[in-house]
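J.: This is the structure I have questions about; it appears just below.
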Amino acid sequence: STMLGGPQQRLAGGSHPSYVPSARSLAGGSQSSYLTSARSLAGGSCSSFASNSDGAIRSLFKLNDRLALALCSVEHGRDLLQWRMKCSHFVTGARCYGDQRSVDKEDSEDEETFQPLGLKIVYGFCEDLWRSHEFKQGKTIVVCSGRIPEDITNTALLVGSFMILNQEHGVEEVIEAFEPISHRFISYTDQLAVQDCWKAIYHAYTRCGWLQIDSKHFLSIRREEPKRSQIDAIDMQEYVHYDSPVNGYLHVLVPEKLLVFNCPEDLPDGALWADEGGERRFSAAYYADVFGDFGVDVVVRGCADGVYDTGAFRERGIEVEDLPLDDDAVPTLGEVDRFLAVVRFAPGAVAVRGLGVVP
């Protein structure tokens, strides 16, 4: 579809991003009929319920006192269990964010890939669930994943992240809670497991302080002072803003130190951006202006980045470091050492053209 208007202005203040779906929109759907002998969700252990319909077995698992995961749709979950669970609320998991597999446009054979949901979606899910009226009322939230393995895996990623970021669970507690259904998870394209994603979220939150717990970042039950100075944390409103392809699709990986961005292009008449073929393309001058807000001092350019004028970077005092890399090969130890040296000795942040899907 055609994108209208220019890049949006950088977000400021405490307003909540408008892209986040409301809890009401997550819970909609038609009704169907099911017969069940489901048990209640009482008790502390992970409980499973089964119902036979059209030869299919649909299960629901309790994760803690406030969360459960259902391997069915919201519609089926309501018909199956709501008459028994008066204090429960059903929402859709990863499926509401679209098809979990995508086509790698850089692959000549259009090979499908399966990647973890990005930090923007994790943030939106956690914010929406935490702010929902039903969660504040103390209801048990039943997150429905459906039965497709990709949807189950990424729904588990979302719910487990909420348990870590908003409910203060340790990563081992989360892994244990999901153990009864871990055989339903599948690996991502690069052999990354959902457990690895939980560990990364936990490490970024507890060890590095990159994810803070206030209204500008992530919300949490605990209302203590942030673990580290807020200047070291990822500004999630800013992250969501620039995650959009309309605004440059750049991402902070390490606050104040490392960014990834799309490869710039030389555009006609010195334009900062241009829409072509349903995609928005950006010039080096556009990124150079944005990099000033992030304190970028060095841009690393690989041989696969194509040819573009780096003058806009140099005019703003940003050095350009050429580092020949092959997209289809593992970097050599020498290339890794050189990249780490550039990052280590750069006085400010370093921006790198992201290869493939941005983590």
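The way I read the labels, and the way they are meant: chains A, B, ... in the order of the structure tokens, residue 1 as the first residue of every chain, and ligand 1 as the first ligand shown, with later ones counted on from there.
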So that I can see what lies close to range 150-153 of chain A, please list as a list in words the residues with an atom at most 9 Å from it, counting only C-alpha atoms and leaving out residues fewer than 4 positions away in the same chain.

T.: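 Selected residues are Leu71, Gly93, Ala94, Arg95, Asp99, Gln100, Arg101, Phe114, Pro116, Cys144, Ser145, Gly146, Leu157, Leu158, Ser182, Arg184, Phe185, Ile186, Ser187, Tyr188, Ala193 and Val194 of chain A.
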
J.: Could you make a table, as CSV, of the residues of range 129-155 of chain A that have an atom within 12 Å of an atom of range 160-163 of chain A, each with its nearest atom pair and distance in Å to one decimal, counting only C-alpha atoms, in chain and number order?

T.:
```
residue,atom,partner,partner_atom,distance
A:Leu129,CA,A:Phe162,CA,8.5
A:Trp130,CA,A:Phe162,CA,8.6
A:Ile141,CA,A:Phe162,CA,11.8
A:Val143,CA,A:Gly160,CA,11.3
A:Ile152,CA,A:Gly160,CA,11.9
A:Thr153,CA,A:Gly160,CA,10.5
A:Asn154,CA,A:Gly160,CA,9.7
A:Thr155,CA,A:Gly160,CA,8.4
```

J.: Using N, CA, C and O atoms, can you write the selected residues to a file as a PDB file, in the first residue's frame?

T.:
```
ATOM      1  N   LEU A 129      -1.502  -5.589  28.204  1.00  0.00           N
ATOM      2  CA  LEU A 129      -2.001  -6.511  29.212  1.00  0.00           C
ATOM      3  C   LEU A 129      -1.962  -5.883  30.595  1.00  0.00           C
ATOM      4  O   LEU A 129      -2.914  -5.992  31.379  1.00  0.00           O
ATOM      5  N   TRP A 130      -0.852  -5.199  30.902  1.00  0.00           N
ATOM      6  CA  TRP A 130      -0.714  -4.601  32.225  1.00  0.00           C
ATOM      7  C   TRP A 130      -1.733  -3.490  32.469  1.00  0.00           C
ATOM      8  O   TRP A 130      -2.243  -3.335  33.575  1.00  0.00           O
ATOM      9  N   ILE A 141      -5.924 -14.010  33.319  1.00  0.00           N
ATOM     10  CA  ILE A 141      -5.849 -13.738  31.894  1.00  0.00           C
ATOM     11  C   ILE A 141      -5.453 -15.022  31.175  1.00  0.00           C
ATOM     12  O   ILE A 141      -4.392 -15.593  31.438  1.00  0.00           O
ATOM     13  N   VAL A 143      -4.374 -16.429  27.748  1.00  0.00           N
ATOM     14  CA  VAL A 143      -3.844 -16.025  26.451  1.00  0.00           C
ATOM     15  C   VAL A 143      -3.965 -17.207  25.497  1.00  0.00           C
ATOM     16  O   VAL A 143      -3.416 -18.279  25.751  1.00  0.00           O
ATOM     17  N   ILE A 152       2.132 -20.823  18.779  1.00  0.00           N
ATOM     18  CA  ILE A 152       2.352 -21.272  20.159  1.00  0.00           C
ATOM     19  C   ILE A 152       3.701 -20.761  20.666  1.00  0.00           C
ATOM     20  O   ILE A 152       3.814 -20.250  21.790  1.00  0.00           O
ATOM     21  N   THR A 153       4.726 -20.884  19.834  1.00  0.00           N
ATOM     22  CA  THR A 153       6.073 -20.475  20.240  1.00  0.00           C
ATOM     23  C   THR A 153       6.149 -18.986  20.522  1.00  0.00           C
ATOM     24  O   THR A 153       6.663 -18.561  21.562  1.00  0.00           O
ATOM     25  N   ASN A 154       5.638 -18.163  19.612  1.00  0.00           N
ATOM     26  CA  ASN A 154       5.737 -16.722  19.815  1.00  0.00           C
ATOM     27  C   ASN A 154       4.765 -16.212  20.879  1.00  0.00           C
ATOM     28  O   ASN A 154       5.043 -15.211  21.540  1.00  0.00           O
ATOM     29  N   THR A 155       3.635 -16.894  21.069  1.00  0.00           N
ATOM     30  CA  THR A 155       2.754 -16.527  22.187  1.00  0.00           C
ATOM     31  C   THR A 155       3.454 -16.805  23.508  1.00  0.00           C
ATOM     32  O   THR A 155       3.373 -16.012  24.455  1.00  0.00           O
TER      33      THR A 155
END
```

J.: Report, in Å to a single decimal, how far apart CA of Glu179 in chain A and CA of Lys199 in chain A are.

T.: 15.1 Å

J.: Considering only C-alpha atoms, state which residue in the set A:Leu323, A:Cys263, A:Gly348, A:His251 is at the smallest distance from Gly292 in chain A.

T.: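 The answer is A:Gly348, which sits nearest to Gly292 in chain A.
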